[in-house]
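**Q** File name structure-v5.cif; file contents mmCIF, C-alpha atoms (C1' of nucleotides); full text below.
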```cif
data_start
#
loop_
_atom_site.label_atom_id
_atom_site.label_comp_id
_atom_site.auth_asym_id
_atom_site.auth_seq_id
_atom_site.Cartn_x
_atom_site.Cartn_y
_atom_site.Cartn_z
CA MET Q 177 12.60 -52.02 1.28
CA HIS Q 178 10.16 -54.38 2.98
CA VAL Q 179 6.51 -53.43 3.17
CA ARG Q 180 5.46 -54.38 6.66
CA ASP Q 181 1.73 -53.62 6.62
CA ARG Q 182 -0.44 -56.08 4.70
CA ARG Q 183 -3.00 -53.38 3.96
CA VAL Q 184 -0.43 -51.40 2.00
CA LYS Q 185 0.61 -54.37 -0.06
CA ARG Q 186 -3.02 -55.23 -0.73
CA THR Q 187 -3.91 -51.71 -1.82
CA GLN Q 188 -0.91 -51.38 -4.13
CA ASN Q 189 -1.60 -54.74 -5.72
CA LEU Q 190 -5.22 -53.85 -6.36
CA LEU Q 191 -4.25 -50.52 -7.89
CA ALA Q 192 -1.64 -52.07 -10.19
CA GLN Q 193 -4.00 -54.79 -11.38
CA ALA Q 194 -6.75 -52.25 -11.98
CA LEU Q 195 -4.42 -50.04 -14.01
CA LEU Q 196 -3.20 -52.86 -16.24
CA ALA Q 197 -6.75 -54.04 -16.86
CA LEU Q 198 -7.91 -50.53 -17.72
CA ILE Q 199 -5.01 -49.87 -20.09
CA ALA Q 200 -5.95 -52.98 -22.03
CA GLU Q 201 -9.53 -51.71 -22.21
CA LYS Q 202 -9.27 -48.04 -23.08
CA GLY Q 203 -5.62 -47.06 -23.31
CA TYR Q 204 -3.42 -45.31 -20.81
CA ASP Q 205 -4.24 -41.70 -21.55
CA ALA Q 206 -7.99 -42.11 -21.24
CA ILE Q 207 -7.73 -43.47 -17.72
CA THR Q 208 -8.52 -41.23 -14.76
CA ILE Q 209 -7.40 -41.86 -11.23
CA ARG Q 210 -11.02 -42.23 -10.24
CA ASP Q 211 -11.32 -44.99 -12.83
CA ILE Q 212 -8.47 -46.82 -11.17
CA THR Q 213 -9.73 -46.46 -7.62
CA GLU Q 214 -13.25 -47.49 -8.58
CA ARG Q 215 -12.02 -50.54 -10.44
CA ALA Q 216 -9.78 -51.47 -7.53
CA ASP Q 217 -12.59 -50.70 -5.09
CA ILE Q 218 -10.34 -48.38 -3.17
CA GLY Q 219 -11.06 -44.93 -1.77
CA TYR Q 220 -10.15 -42.13 -4.16
CA ALA Q 221 -7.95 -40.25 -1.73
CA THR Q 222 -6.13 -43.45 -0.83
CA PHE Q 223 -4.48 -43.42 -4.25
CA PHE Q 224 -2.48 -40.32 -3.39
CA ARG Q 225 -1.29 -41.88 -0.17
CA HIS Q 226 0.76 -44.26 -2.33
CA TYR Q 227 1.50 -42.55 -5.64
CA ARG Q 228 1.79 -38.98 -6.76
CA ASP Q 229 0.21 -39.67 -10.13
CA LYS Q 230 -0.68 -42.31 -12.72
CA ASP Q 231 2.86 -42.49 -14.07
CA GLU Q 232 4.30 -43.43 -10.72
CA LEU Q 233 1.87 -46.30 -10.37
CA LEU Q 234 2.61 -47.48 -13.90
CA ARG Q 235 6.33 -47.47 -13.33
CA ASP Q 236 5.84 -49.45 -10.16
CA ALA Q 237 3.79 -52.03 -12.01
CA ALA Q 238 6.31 -52.16 -14.85
CA ASP Q 239 9.20 -52.88 -12.51
CA VAL Q 240 7.65 -56.25 -11.74
CA VAL Q 241 7.78 -57.23 -15.40
CA ILE Q 242 11.22 -55.75 -15.94
CA ASN Q 243 12.72 -57.65 -13.05
CA GLU Q 244 11.13 -60.87 -14.23
CA LEU Q 245 12.58 -60.50 -17.71
CA LEU Q 246 16.00 -59.49 -16.41
CA GLU Q 247 15.97 -62.55 -14.20
CA ILE Q 248 15.36 -64.76 -17.23
CA LEU Q 249 18.11 -63.08 -19.24
CA PHE Q 250 20.76 -62.55 -16.60
CA GLY Q 251 19.84 -65.20 -14.07
CA GLN Q 252 21.83 -68.33 -13.38
CA GLN Q 253 22.36 -69.11 -17.06
CA SER Q 254 24.12 -65.87 -17.95
CA GLY Q 255 26.81 -67.58 -20.01
CA LYS Q 256 24.37 -69.00 -22.54
CA GLU Q 257 24.87 -68.69 -26.26
CA PRO Q 258 23.56 -65.37 -27.68
CA ALA Q 259 21.32 -67.14 -30.18
CA ALA Q 260 19.25 -68.62 -27.39
CA VAL Q 261 18.88 -65.27 -25.65
CA GLY Q 262 16.73 -63.93 -28.46
CA GLN Q 263 14.41 -66.89 -28.30
CA LEU Q 264 14.10 -66.47 -24.55
CA ILE Q 265 13.08 -62.85 -24.96
CA PHE Q 266 10.48 -63.41 -27.63
CA ARG Q 267 9.08 -66.46 -25.94
CA TYR Q 268 8.61 -64.48 -22.76
CA VAL Q 269 6.95 -61.67 -24.69
CA ALA Q 270 4.64 -64.13 -26.41
CA ASP Q 271 3.68 -65.66 -23.08
CA HIS Q 272 3.00 -62.26 -21.53
CA SER Q 273 1.91 -60.38 -24.61
CA GLU Q 274 -1.07 -58.76 -22.92
CA VAL Q 275 1.02 -57.06 -20.28
CA VAL Q 276 3.93 -56.27 -22.58
CA ARG Q 277 1.59 -54.82 -25.16
CA VAL Q 278 0.22 -52.60 -22.43
CA LEU Q 279 3.60 -51.51 -21.14
CA LEU Q 280 5.33 -50.91 -24.46
CA GLY Q 281 2.18 -49.94 -26.35
CA SER Q 282 2.27 -46.72 -28.28
CA ARG Q 283 -0.22 -45.20 -25.86
CA GLY Q 284 2.05 -45.47 -22.85
CA PRO Q 285 4.20 -42.53 -21.80
CA ALA Q 286 7.63 -42.21 -23.38
CA SER Q 287 9.24 -41.95 -19.97
CA LEU Q 288 8.43 -45.59 -19.25
CA VAL Q 289 10.33 -46.85 -22.29
CA GLN Q 290 13.24 -44.63 -21.31
CA HIS Q 291 13.17 -46.17 -17.88
CA VAL Q 292 13.22 -49.70 -19.30
CA ILE Q 293 16.15 -48.82 -21.57
CA GLN Q 294 17.99 -47.40 -18.59
CA ARG Q 295 17.49 -50.51 -16.50
CA GLY Q 296 18.46 -52.79 -19.38
CA SER Q 297 21.58 -50.86 -20.35
CA GLU Q 298 22.94 -51.08 -16.84
CA ASN Q 299 22.63 -54.83 -16.93
CA VAL Q 300 24.27 -55.14 -20.33
CA LEU Q 301 27.23 -53.07 -19.18
CA ARG Q 302 27.49 -55.18 -16.06
CA GLN Q 303 27.52 -58.44 -18.02
CA ASN Q 304 29.94 -57.57 -20.83
CA LYS Q 305 33.51 -56.37 -21.09
CA PRO Q 306 34.17 -53.49 -23.49
CA ARG Q 307 36.53 -54.13 -26.36
CA PRO Q 308 39.58 -51.84 -26.07
CA GLY Q 309 40.21 -49.54 -28.99
CA SER Q 310 36.74 -49.83 -30.48
CA PRO Q 311 35.35 -46.60 -31.96
CA VAL Q 312 32.00 -47.59 -30.43
CA PRO Q 313 31.86 -46.72 -26.69
CA ALA Q 314 30.43 -49.46 -24.50
CA GLU Q 315 27.81 -47.10 -23.11
CA ILE Q 316 26.47 -46.41 -26.60
CA ALA Q 317 26.57 -50.06 -27.57
CA ALA Q 318 24.61 -51.05 -24.47
CA HIS Q 319 22.03 -48.36 -25.13
CA HIS Q 320 21.77 -49.45 -28.74
CA LEU Q 321 21.39 -53.10 -27.82
CA VAL Q 322 18.52 -52.50 -25.43
CA ALA Q 323 16.75 -49.75 -27.38
CA SER Q 324 16.85 -51.80 -30.57
CA SER Q 325 15.55 -54.86 -28.77
CA ILE Q 326 12.59 -52.93 -27.43
CA ALA Q 327 11.88 -51.47 -30.86
CA LEU Q 328 11.94 -54.94 -32.36
CA ILE Q 329 9.60 -56.25 -29.68
CA GLN Q 330 7.27 -53.32 -30.29
CA TRP Q 331 7.18 -54.04 -34.01
CA TRP Q 332 6.47 -57.71 -33.38
CA ILE Q 333 3.66 -57.00 -30.93
CA GLU Q 334 2.05 -54.26 -32.97
CA HIS Q 335 2.00 -56.55 -36.00
CA ASP Q 336 0.40 -59.34 -33.96
CA MET Q 337 3.50 -61.55 -33.79
CA PRO Q 338 3.58 -62.77 -37.41
CA TYR Q 339 6.83 -64.73 -36.98
CA SER Q 340 7.71 -67.44 -34.48
CA PRO Q 341 9.90 -66.69 -31.45
CA GLU Q 342 12.59 -68.87 -33.08
CA HIS Q 343 12.51 -66.79 -36.25
CA MET Q 344 12.54 -63.55 -34.26
CA GLY Q 345 15.46 -64.87 -32.28
CA GLU Q 346 17.42 -65.35 -35.49
CA ILE Q 347 16.52 -61.87 -36.75
CA TYR Q 348 17.45 -60.47 -33.37
CA ARG Q 349 20.81 -62.18 -33.44
CA GLN Q 350 21.65 -61.11 -36.97
CA LEU Q 351 20.41 -57.53 -36.77
CA ILE Q 352 21.29 -56.58 -33.21
CA VAL Q 353 23.28 -58.96 -31.03
CA GLN Q 354 26.00 -60.03 -33.44
CA PRO Q 355 26.86 -56.54 -34.78
CA THR Q 356 26.80 -54.95 -31.34
CA LEU Q 357 28.93 -57.59 -29.67
CA THR Q 358 31.55 -57.71 -32.40
CA SER Q 359 31.68 -53.91 -32.58
CA ALA Q 360 32.02 -52.97 -28.97
CA PHE Q 361 32.40 -55.94 -26.65
CA ILE Q 362 34.64 -58.89 -26.09
CA ILE Q 363 32.67 -61.91 -27.20
CA ASP Q 364 32.14 -64.36 -24.40
CA PRO Q 365 33.14 -67.81 -25.73
CA ALA Q 366 31.33 -69.66 -22.95
CA MET I 498 -3.50 -29.17 -49.33
CA HIS I 499 -3.00 -25.46 -49.77
CA VAL I 500 -4.01 -23.08 -47.00
CA ARG I 501 -5.69 -20.18 -48.71
CA ASP I 502 -6.39 -17.76 -45.89
CA ARG I 503 -3.36 -15.87 -44.57
CA ARG I 504 -4.96 -15.58 -41.15
CA VAL I 505 -5.00 -19.36 -40.78
CA LYS I 506 -1.38 -19.72 -41.75
CA ARG I 507 -0.42 -16.91 -39.40
CA THR I 508 -2.31 -18.42 -36.47
CA GLN I 509 -0.90 -21.90 -36.98
CA ASN I 510 2.62 -20.58 -37.26
CA LEU I 511 2.28 -18.57 -34.07
CA LEU I 512 0.90 -21.58 -32.22
CA ALA I 513 3.68 -23.88 -33.41
CA GLN I 514 6.40 -21.41 -32.48
CA ALA I 515 4.83 -20.82 -29.08
CA LEU I 516 4.64 -24.55 -28.39
CA LEU I 517 8.28 -25.20 -29.30
CA ALA I 518 9.44 -22.29 -27.18
CA LEU I 519 7.39 -23.45 -24.21
CA ILE I 520 8.61 -27.05 -24.45
CA ALA I 521 12.17 -25.80 -24.24
CA GLU I 522 11.23 -23.78 -21.16
CA LYS I 523 9.13 -26.09 -19.03
CA GLY I 524 8.67 -29.41 -20.83
CA TYR I 525 5.78 -30.70 -22.87
CA ASP I 526 3.59 -32.10 -20.12
CA ALA I 527 3.55 -28.95 -18.02
CA ILE I 528 2.18 -26.85 -20.87
CA THR I 529 -1.47 -25.91 -20.93
CA ILE I 530 -3.35 -24.80 -24.00
CA ARG I 531 -3.85 -21.45 -22.35
CA ASP I 532 -0.07 -21.17 -22.05
CA ILE I 533 0.23 -21.68 -25.76
CA THR I 534 -2.47 -19.23 -26.77
CA GLU I 535 -1.19 -16.56 -24.41
CA ARG I 536 2.38 -16.93 -25.66
CA ALA I 537 1.18 -16.84 -29.25
CA ASP I 538 -1.12 -13.91 -28.40
CA ILE I 539 -4.08 -15.78 -29.84
CA GLY I 540 -7.59 -16.17 -28.46
CA TYR I 541 -8.00 -19.27 -26.34
CA ALA I 542 -10.95 -20.65 -28.27
CA THR I 543 -9.13 -20.13 -31.54
CA PHE I 544 -6.81 -23.00 -30.66
CA PHE I 545 -9.62 -25.53 -30.94
CA ARG I 546 -10.62 -24.20 -34.32
CA HIS I 547 -7.31 -25.63 -35.62
CA TYR I 548 -6.32 -28.54 -33.38
CA ARG I 549 -8.18 -30.97 -31.18
CA ASP I 550 -5.45 -31.02 -28.56
CA LYS I 551 -1.78 -30.35 -27.81
CA ASP I 552 -0.61 -33.56 -29.48
CA GLU I 553 -2.13 -32.62 -32.80
CA LEU I 554 -0.33 -29.30 -32.79
CA LEU I 555 2.95 -30.97 -31.85
CA ARG I 556 2.67 -33.49 -34.64
CA ASP I 557 1.99 -30.71 -37.09
CA ALA I 558 5.06 -28.83 -35.94
CA ALA I 559 7.16 -32.00 -36.06
CA ASP I 560 6.26 -32.71 -39.67
CA VAL I 561 8.18 -29.62 -40.70
CA VAL I 562 11.37 -30.99 -39.17
CA ILE I 563 10.78 -34.52 -40.44
CA ASN I 564 10.33 -33.36 -44.01
CA GLU I 565 13.45 -31.22 -43.81
CA LEU I 566 15.57 -34.13 -42.60
CA LEU I 567 14.10 -36.55 -45.13
CA GLU I 568 14.90 -34.05 -47.86
CA ILE I 569 18.53 -33.99 -46.75
CA LEU I 570 18.78 -37.76 -46.61
CA PHE I 571 16.76 -38.75 -49.64
CA GLY I 572 17.02 -35.63 -51.76
CA GLN I 573 19.02 -35.32 -54.93
CA GLN I 574 22.04 -37.17 -53.55
CA SER I 575 20.26 -40.42 -52.69
CA GLY I 576 23.05 -42.62 -54.08
CA LYS I 577 25.70 -41.31 -51.70
CA GLU I 578 27.94 -43.56 -49.69
CA PRO I 579 26.38 -44.77 -46.43
CA ALA I 580 29.24 -43.45 -44.34
CA ALA I 581 28.39 -39.89 -45.31
CA VAL I 582 24.72 -40.35 -44.46
CA GLY I 583 25.48 -40.72 -40.78
CA GLN I 584 27.48 -37.51 -40.73
CA LEU I 585 24.66 -35.70 -42.49
CA ILE I 586 22.18 -36.84 -39.86
CA PHE I 587 24.25 -35.90 -36.85
CA ARG I 588 25.34 -32.64 -38.34
CA TYR I 589 21.73 -31.71 -38.93
CA VAL I 590 20.84 -32.69 -35.39
CA ALA I 591 23.71 -30.63 -34.02
CA ASP I 592 22.60 -27.63 -36.04
CA HIS I 593 19.01 -27.97 -34.86
CA SER I 594 19.60 -29.51 -31.46
CA GLU I 595 17.14 -27.24 -29.69
CA VAL I 596 14.20 -28.35 -31.78
CA VAL I 597 15.28 -31.99 -32.01
CA ARG I 598 15.82 -32.12 -28.28
CA VAL I 599 12.31 -30.84 -27.89
CA LEU I 600 10.75 -33.27 -30.35
CA LEU I 601 12.60 -36.41 -29.30
CA GLY I 602 12.96 -35.43 -25.67
CA SER I 603 11.88 -37.94 -23.09
CA ARG I 604 8.98 -35.73 -22.06
CA GLY I 605 7.31 -35.80 -25.45
CA PRO I 606 4.50 -38.26 -26.12
CA ALA I 607 5.48 -41.71 -27.37
CA SER I 608 3.10 -41.41 -30.28
CA LEU I 609 5.30 -38.76 -31.86
CA VAL I 610 8.34 -41.01 -31.99
CA GLN I 611 6.19 -43.76 -33.43
CA HIS I 612 5.05 -41.35 -36.08
CA VAL I 613 8.61 -40.42 -36.98
CA ILE I 614 9.60 -44.08 -37.21
CA GLN I 615 6.66 -44.73 -39.48
CA ARG I 616 7.55 -41.90 -41.83
CA GLY I 617 11.20 -42.90 -41.91
CA SER I 618 10.56 -46.60 -42.50
CA GLU I 619 8.45 -45.87 -45.53
CA ASN I 620 11.30 -43.92 -47.05
CA VAL I 621 13.87 -46.61 -46.32
CA LEU I 622 11.70 -49.24 -47.97
CA ARG I 623 11.22 -46.98 -50.95
CA GLN I 624 14.95 -46.41 -51.38
CA ASN I 625 16.27 -49.96 -50.94
CA LYS I 626 15.73 -53.32 -52.58
CA PRO I 627 15.20 -56.30 -50.26
CA ARG I 628 17.70 -59.11 -50.48
CA PRO I 629 15.95 -62.31 -51.59
CA GLY I 630 16.20 -65.24 -49.21
CA SER I 631 17.24 -63.21 -46.19
CA PRO I 632 15.73 -64.36 -42.89
CA VAL I 633 15.31 -60.69 -42.02
CA PRO I 634 12.19 -59.22 -43.69
CA ALA I 635 12.70 -55.84 -45.31
CA GLU I 636 9.90 -54.32 -43.25
CA ILE I 637 11.62 -55.30 -40.01
CA ALA I 638 15.00 -54.12 -41.25
CA ALA I 639 13.59 -50.73 -42.21
CA HIS I 640 11.90 -50.38 -38.85
CA HIS I 641 15.10 -51.38 -37.10
CA LEU I 642 17.19 -48.95 -39.11
CA VAL I 643 15.02 -45.96 -38.29
CA ALA I 644 14.18 -46.85 -34.71
CA SER I 645 17.85 -47.48 -33.89
CA SER I 646 18.87 -44.23 -35.52
CA ILE I 647 16.41 -42.28 -33.41
CA ALA I 648 17.55 -44.06 -30.26
CA LEU I 649 21.15 -43.19 -31.08
CA ILE I 650 20.24 -39.56 -31.69
CA GLN I 651 18.35 -39.48 -28.41
CA TRP I 652 21.34 -40.84 -26.53
CA TRP I 653 23.63 -38.31 -28.17
CA ILE I 654 21.36 -35.37 -27.38
CA GLU I 655 20.59 -36.41 -23.83
CA HIS I 656 24.30 -36.74 -23.13
CA ASP I 657 24.96 -33.27 -24.55
CA MET I 658 26.63 -34.49 -27.75
CA PRO I 659 29.95 -35.69 -26.29
CA TYR I 660 31.28 -36.99 -29.63
CA SER I 661 31.68 -35.20 -32.96
CA PRO I 662 29.23 -35.74 -35.81
CA GLU I 663 32.05 -37.51 -37.68
CA HIS I 664 32.60 -39.92 -34.81
CA MET I 665 28.86 -40.52 -34.45
CA GLY I 666 28.66 -41.14 -38.17
CA GLU I 667 31.24 -43.89 -37.83
CA ILE I 668 29.44 -45.44 -34.85
CA TYR I 669 26.20 -45.19 -36.77
CA ARG I 670 27.70 -46.95 -39.77
CA GLN I 671 29.25 -49.74 -37.77
CA LEU I 672 26.40 -50.39 -35.36
CA ILE I 673 23.37 -49.81 -37.56
CA VAL I 674 23.80 -49.14 -41.28
CA GLN I 675 26.30 -51.81 -42.20
CA PRO I 676 24.63 -54.72 -40.35
CA THR I 677 21.18 -53.80 -41.55
CA LEU I 678 22.12 -53.37 -45.16
CA THR I 679 24.15 -56.57 -45.38
CA SER I 680 21.45 -58.52 -43.57
CA ALA I 681 18.34 -57.50 -45.43
CA PHE I 682 19.05 -55.30 -48.43
CA ILE I 683 20.99 -55.34 -51.66
CA ILE I 684 23.87 -52.98 -51.14
CA ASP I 685 23.82 -50.13 -53.59
CA PRO I 686 27.31 -49.93 -55.14
CA ALA I 687 26.74 -46.39 -56.48
"C1'" DA U 708 -17.78 -3.66 -53.18
"C1'" DT U 709 -19.55 -7.59 -51.10
"C1'" DA U 710 -20.07 -11.96 -49.32
"C1'" DC U 711 -17.41 -14.96 -46.59
"C1'" DT U 712 -14.68 -16.55 -42.84
"C1'" DA U 713 -11.35 -16.28 -39.11
"C1'" DT U 714 -10.63 -14.19 -34.88
"C1'" DG U 715 -11.29 -12.06 -30.06
"C1'" DA U 716 -13.74 -11.83 -26.09
"C1'" DT U 717 -16.62 -13.67 -22.92
"C1'" DA U 718 -19.55 -16.85 -20.47
"C1'" DT U 719 -20.29 -21.34 -19.01
"C1'" DA U 720 -20.51 -26.31 -18.19
"C1'" DC U 721 -17.82 -29.97 -17.11
"C1'" DT U 722 -14.14 -33.04 -15.72
"C1'" DA U 723 -10.19 -34.21 -13.16
"C1'" DT U 724 -6.71 -33.33 -9.78
"C1'" DG U 725 -5.17 -32.83 -5.27
"C1'" DT U 726 -5.81 -31.76 -0.24
"C1'" DA U 727 -8.05 -31.75 4.29
"C1'" DT U 728 -10.65 -33.91 7.89
"C1'" DC U 729 -12.49 -37.35 10.85
"C1'" DA U 730 -14.45 -41.67 12.15
"C1'" DT U 731 -13.49 -46.55 11.63
"C1'" DA U 732 -11.13 -50.72 11.03
"C1'" DA U 733 -7.14 -53.38 10.69
"C1'" DA U 734 -2.43 -54.44 11.79
"C1'" DG U 735 1.66 -55.28 14.67
"C1'" DG U 736 4.37 -55.23 19.02
"C1'" DG U 737 4.46 -56.18 23.67
"C1'" DC T 904 -4.88 -60.45 24.48
"C1'" DC T 905 -4.50 -55.51 24.93
"C1'" DC T 906 -3.04 -51.23 23.32
"C1'" DT T 907 -0.92 -48.17 20.29
"C1'" DT T 908 -0.13 -47.13 15.70
"C1'" DT T 909 -1.45 -46.65 11.09
"C1'" DA T 910 -4.07 -47.37 6.85
"C1'" DT T 911 -8.40 -46.77 4.88
"C1'" DG T 912 -13.18 -44.88 3.54
"C1'" DA T 913 -16.08 -41.23 2.97
"C1'" DT T 914 -16.88 -36.71 2.27
"C1'" DA T 915 -16.26 -31.97 1.27
"C1'" DC T 916 -13.86 -28.58 -1.13
"C1'" DA T 917 -10.59 -25.61 -3.68
"C1'" DT T 918 -8.38 -25.30 -7.98
"C1'" DA T 919 -7.10 -25.87 -12.72
"C1'" DG T 920 -7.75 -27.13 -17.24
"C1'" DT T 921 -10.68 -28.61 -21.17
"C1'" DA T 922 -14.12 -27.85 -24.43
"C1'" DT T 923 -18.13 -25.53 -26.41
"C1'" DA T 924 -21.31 -21.69 -27.60
"C1'" DT T 925 -22.26 -17.06 -28.95
"C1'" DC T 926 -21.75 -12.62 -31.11
"C1'" DA T 927 -19.51 -8.55 -32.66
"C1'" DT T 928 -15.54 -7.27 -35.40
"C1'" DA T 929 -11.93 -7.28 -38.53
"C1'" DG T 930 -9.44 -9.36 -42.29
"C1'" DT T 931 -9.63 -11.97 -46.77
"C1'" DA T 932 -10.77 -13.53 -51.38
"C1'" DT T 933 -12.81 -12.90 -55.78
#
```
Take the structure from the file and write it as structure tokens.
**A**
Amino acid sequence: MHVRDRRVKRTQNLLAQALLALIAEKGYDAITIRDITERADIGYATFFRHYRDKDELLRDAADVVINELLEILFGQQSGKEPAAVGQLIFRYVADHSEVVRVLLGSRGPASLVQHVIQRGSENVLRQNKPRPGSPVPAEIAAHHLVASSIALIQWWIEHDMPYSPEHMGEIYRQLIVQPTLTSAFIIDPA
Amino acid sequence: MHVRDRRVKRTQNLLAQALLALIAEKGYDAITIRDITERADIGYATFFRHYRDKDELLRDAADVVINELLEILFGQQSGKEPAAVGQLIFRYVADHSEVVRVLLGSRGPASLVQHVIQRGSENVLRQNKPRPGSPVPAEIAAHHLVASSIALIQWWIEHDMPYSPEHMGEIYRQLIVQPTLTSAFIIDPA
DNA sequence: ATACTATGATATACTATGTATCATAAAGGG
DNA sequence: CCCTTTATGATACATAGTATATCATAGTAT
């Protein structure tokens, strides 16, 4: 999937940036497509040449963030200790809190969160071996791991990040990672 | 808050029933207010005399279900063993899967799920004593407990309930209840 | 019985979506 | 560099849905 025409790339970038800026200003629901095209300085009809509706544009913009975070978590250093993973997550969120707040904010559509959970679960399943004989199916454990992580991030952001990323990493490990791994997966000793 | 006029109660009931039926048929987003009023056989303008928009009606309808479930969980038998609590939840969901599917379905607005988490967290905090010195704050643990439970219910419903309520109760206990209680709360020995 | 209030029906203004069309400008391949 | 292709801008327009106002009527409470 390589976009050949520079004009297309330019237009899509402008639309995504405009959307994120507008969400931060007035919330997702209040935004009209005309708002987006005016902010991006793009013809109104041009929007529909790229996306069917607002949601499609939002998902496209979100994929950039998702891939970035997945790269951090599952990149070269996949065998890292689980304790550090939590700190990585919450440090990333703190560094990009504006965008994350926008994407996971309570105003966004539920379908986006579902999409993020889906993407995350696939990666968890790919990176861990299920423990044979466990009453907890790997598919459920993966879903739980990702959904709980997002819920924890949402709580942290909505409460204006009252604890440090290190502290959140410890909470994350104790409440989510440790129980899930010991319940359903073979713990990687690396 | 007692509704005196029978006409009001009648109208609101008809609107709520119509909305739930329509969500099951075509999904929340596709529903117009005219759809609702026509199905309920109520004048179009009358809708706005009770609710500002669709979301307000949905939240009102959801509160009925929330209160019912909270009554089951925190009613007379609050001191029950945690293992049984999971079965109670998933049995209730199975018995009311149509409505729960509608309310927690991926098409519904995110704000509704947030609302449910809020209501549930308050109850968890009210029913449990925080463990002193734990790195996991009680507020976070309560949020985690409820948010994870909803995520697990969503997974179960969206996958057409492939495991029995008993099995789900065990998963629930192992993945969510046990870790959360031991991490952040004083375990009730009753 | 009477005063009150909710409803139905209707009209209307307004906003937003989505499509069609055509001239123009920019891009890419040779 | 030329030529073909394609994306964009501008505009007009059809459609759908929201939200409010008004008034006669019917149901409700006390």
**Q** Please identify every residue of chain T that has at least one atom no more than 9 Å from any atom of chain Q, counting only C-alpha atoms (C1' of nucleotides), and report them as a PyMOL selection string.
**A** chain T and resi 909-913
**Q** For the file shown, report as a VMD selection string the outcome of the PyMOL selection byres ((chain U) within 8 of (chain Q)) at residue level.
**A** chain U and resid 723 733 to 734
**Q** Using 6 Å as the limit and counting all atoms listed in the file, can you tabulate each residue of chain Q that touches chain I, with its shortest atom-to-atom distance in Å and the two atoms involved, as CSV?
**A**
```
residue,atom,partner,partner_atom,distance
Q:Ser282,CA,I:Ser608,CA,5.7
Q:Pro285,CA,I:Ala607,CA,5.8
Q:Ala286,CA,I:Ala607,CA,4.6
Q:Ser287,CA,I:Ser603,CA,5.7
Q:Val312,CA,I:Ile668,CA,5.5
Q:Ser324,CA,I:Ser645,CA,5.5
Q:Ile347,CA,I:Val633,CA,5.5
```
**Q** Could you tell me how far CA of Asp657 in chain I lies from CA of Arg307 in chain Q, in Å and to one decimal?
**A**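 Going from CA of Asp657 in chain I over to CA of Arg307 in chain Q, I get 23.9 Å.
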**Q** As an exercise, work out the distance from CA of Leu567 in chain I to CA of Ala635 in chain I in Å and give it to one decimal place.
**A**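 CA of Leu567 in chain I sits 19.3 Å away from CA of Ala635 in chain I.
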**Q** The PyMOL selection byres ((chain I and resi 517-520) around 10) - which residues does that actually catch in the file I just gave you? List them as a PDB file with C-alpha atoms, keeping the file's coordinate frame.
**A**
```pdb
ATOM      1  CA  LEU I 512       0.900 -21.580 -32.220  1.00  0.00           C
ATOM      2  CA  ALA I 513       3.680 -23.880 -33.410  1.00  0.00           C
ATOM      3  CA  GLN I 514       6.400 -21.410 -32.480  1.00  0.00           C
ATOM      4  CA  ALA I 515       4.830 -20.820 -29.080  1.00  0.00           C
ATOM      5  CA  LEU I 516       4.640 -24.550 -28.390  1.00  0.00           C
ATOM      6  CA  ALA I 521      12.170 -25.800 -24.240  1.00  0.00           C
ATOM      7  CA  GLU I 522      11.230 -23.780 -21.160  1.00  0.00           C
ATOM      8  CA  LYS I 523       9.130 -26.090 -19.030  1.00  0.00           C
ATOM      9  CA  GLY I 524       8.670 -29.410 -20.830  1.00  0.00           C
ATOM     10  CA  TYR I 525       5.780 -30.700 -22.870  1.00  0.00           C
ATOM     11  CA  ASP I 526       3.590 -32.100 -20.120  1.00  0.00           C
ATOM     12  CA  ALA I 527       3.550 -28.950 -18.020  1.00  0.00           C
ATOM     13  CA  ILE I 528       2.180 -26.850 -20.870  1.00  0.00           C
ATOM     14  CA  THR I 529      -1.470 -25.910 -20.930  1.00  0.00           C
ATOM     15  CA  ASP I 532      -0.070 -21.170 -22.050  1.00  0.00           C
ATOM     16  CA  ILE I 533       0.230 -21.680 -25.760  1.00  0.00           C
ATOM     17  CA  ARG I 536       2.380 -16.930 -25.660  1.00  0.00           C
ATOM     18  CA  LEU I 555       2.950 -30.970 -31.850  1.00  0.00           C
ATOM     19  CA  ALA I 558       5.060 -28.830 -35.940  1.00  0.00           C
ATOM     20  CA  ALA I 559       7.160 -32.000 -36.060  1.00  0.00           C
ATOM     21  CA  GLU I 595      17.140 -27.240 -29.690  1.00  0.00           C
ATOM     22  CA  VAL I 596      14.200 -28.350 -31.780  1.00  0.00           C
ATOM     23  CA  ARG I 598      15.820 -32.120 -28.280  1.00  0.00           C
ATOM     24  CA  VAL I 599      12.310 -30.840 -27.890  1.00  0.00           C
ATOM     25  CA  LEU I 600      10.750 -33.270 -30.350  1.00  0.00           C
ATOM     26  CA  GLY I 602      12.960 -35.430 -25.670  1.00  0.00           C
ATOM     27  CA  ARG I 604       8.980 -35.730 -22.060  1.00  0.00           C
ATOM     28  CA  GLY I 605       7.310 -35.800 -25.450  1.00  0.00           C
TER      29      GLY I 605
END
```
**Q** Figure out the distance between CA of Ala270 in chain Q and CA of Met337 in chain Q, please, to one decimal in Å.
**A**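 Computed distance, CA of Met337 in chain Q to CA of Ala270 in chain Q, equals 7.9 Å.
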**Q** Using all atoms listed in the file for the distances, tell me which of I:Glu568, I:Thr534, I:Phe544, I:Asp560 is nearest to DA713 in chain U.
**A**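 Closest to DA713 in chain U, using all atoms listed in the file: I:Phe544.
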**Q** Which residues match the PyMOL selection byres ((chain T and resi 920-928) around 8) in the file above, as a PDB file with C-alpha atoms (C1' of nucleotides), keeping the file's coordinate frame?
**A**
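Saved result, result.pdb, follows:
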```
ATOM      1  CA  THR I 529      -1.470 -25.910 -20.930  1.00  0.00           C
TER       2      THR I 529
ATOM      3  C1'  DT U 722     -14.140 -33.040 -15.720  1.00  0.00           C
TER       4       DT U 722
ATOM      5  C1'  DA T 919      -7.100 -25.870 -12.720  1.00  0.00           C
ATOM      6  C1'  DA T 929     -11.930  -7.280 -38.530  1.00  0.00           C
TER       7       DA T 929
END
```
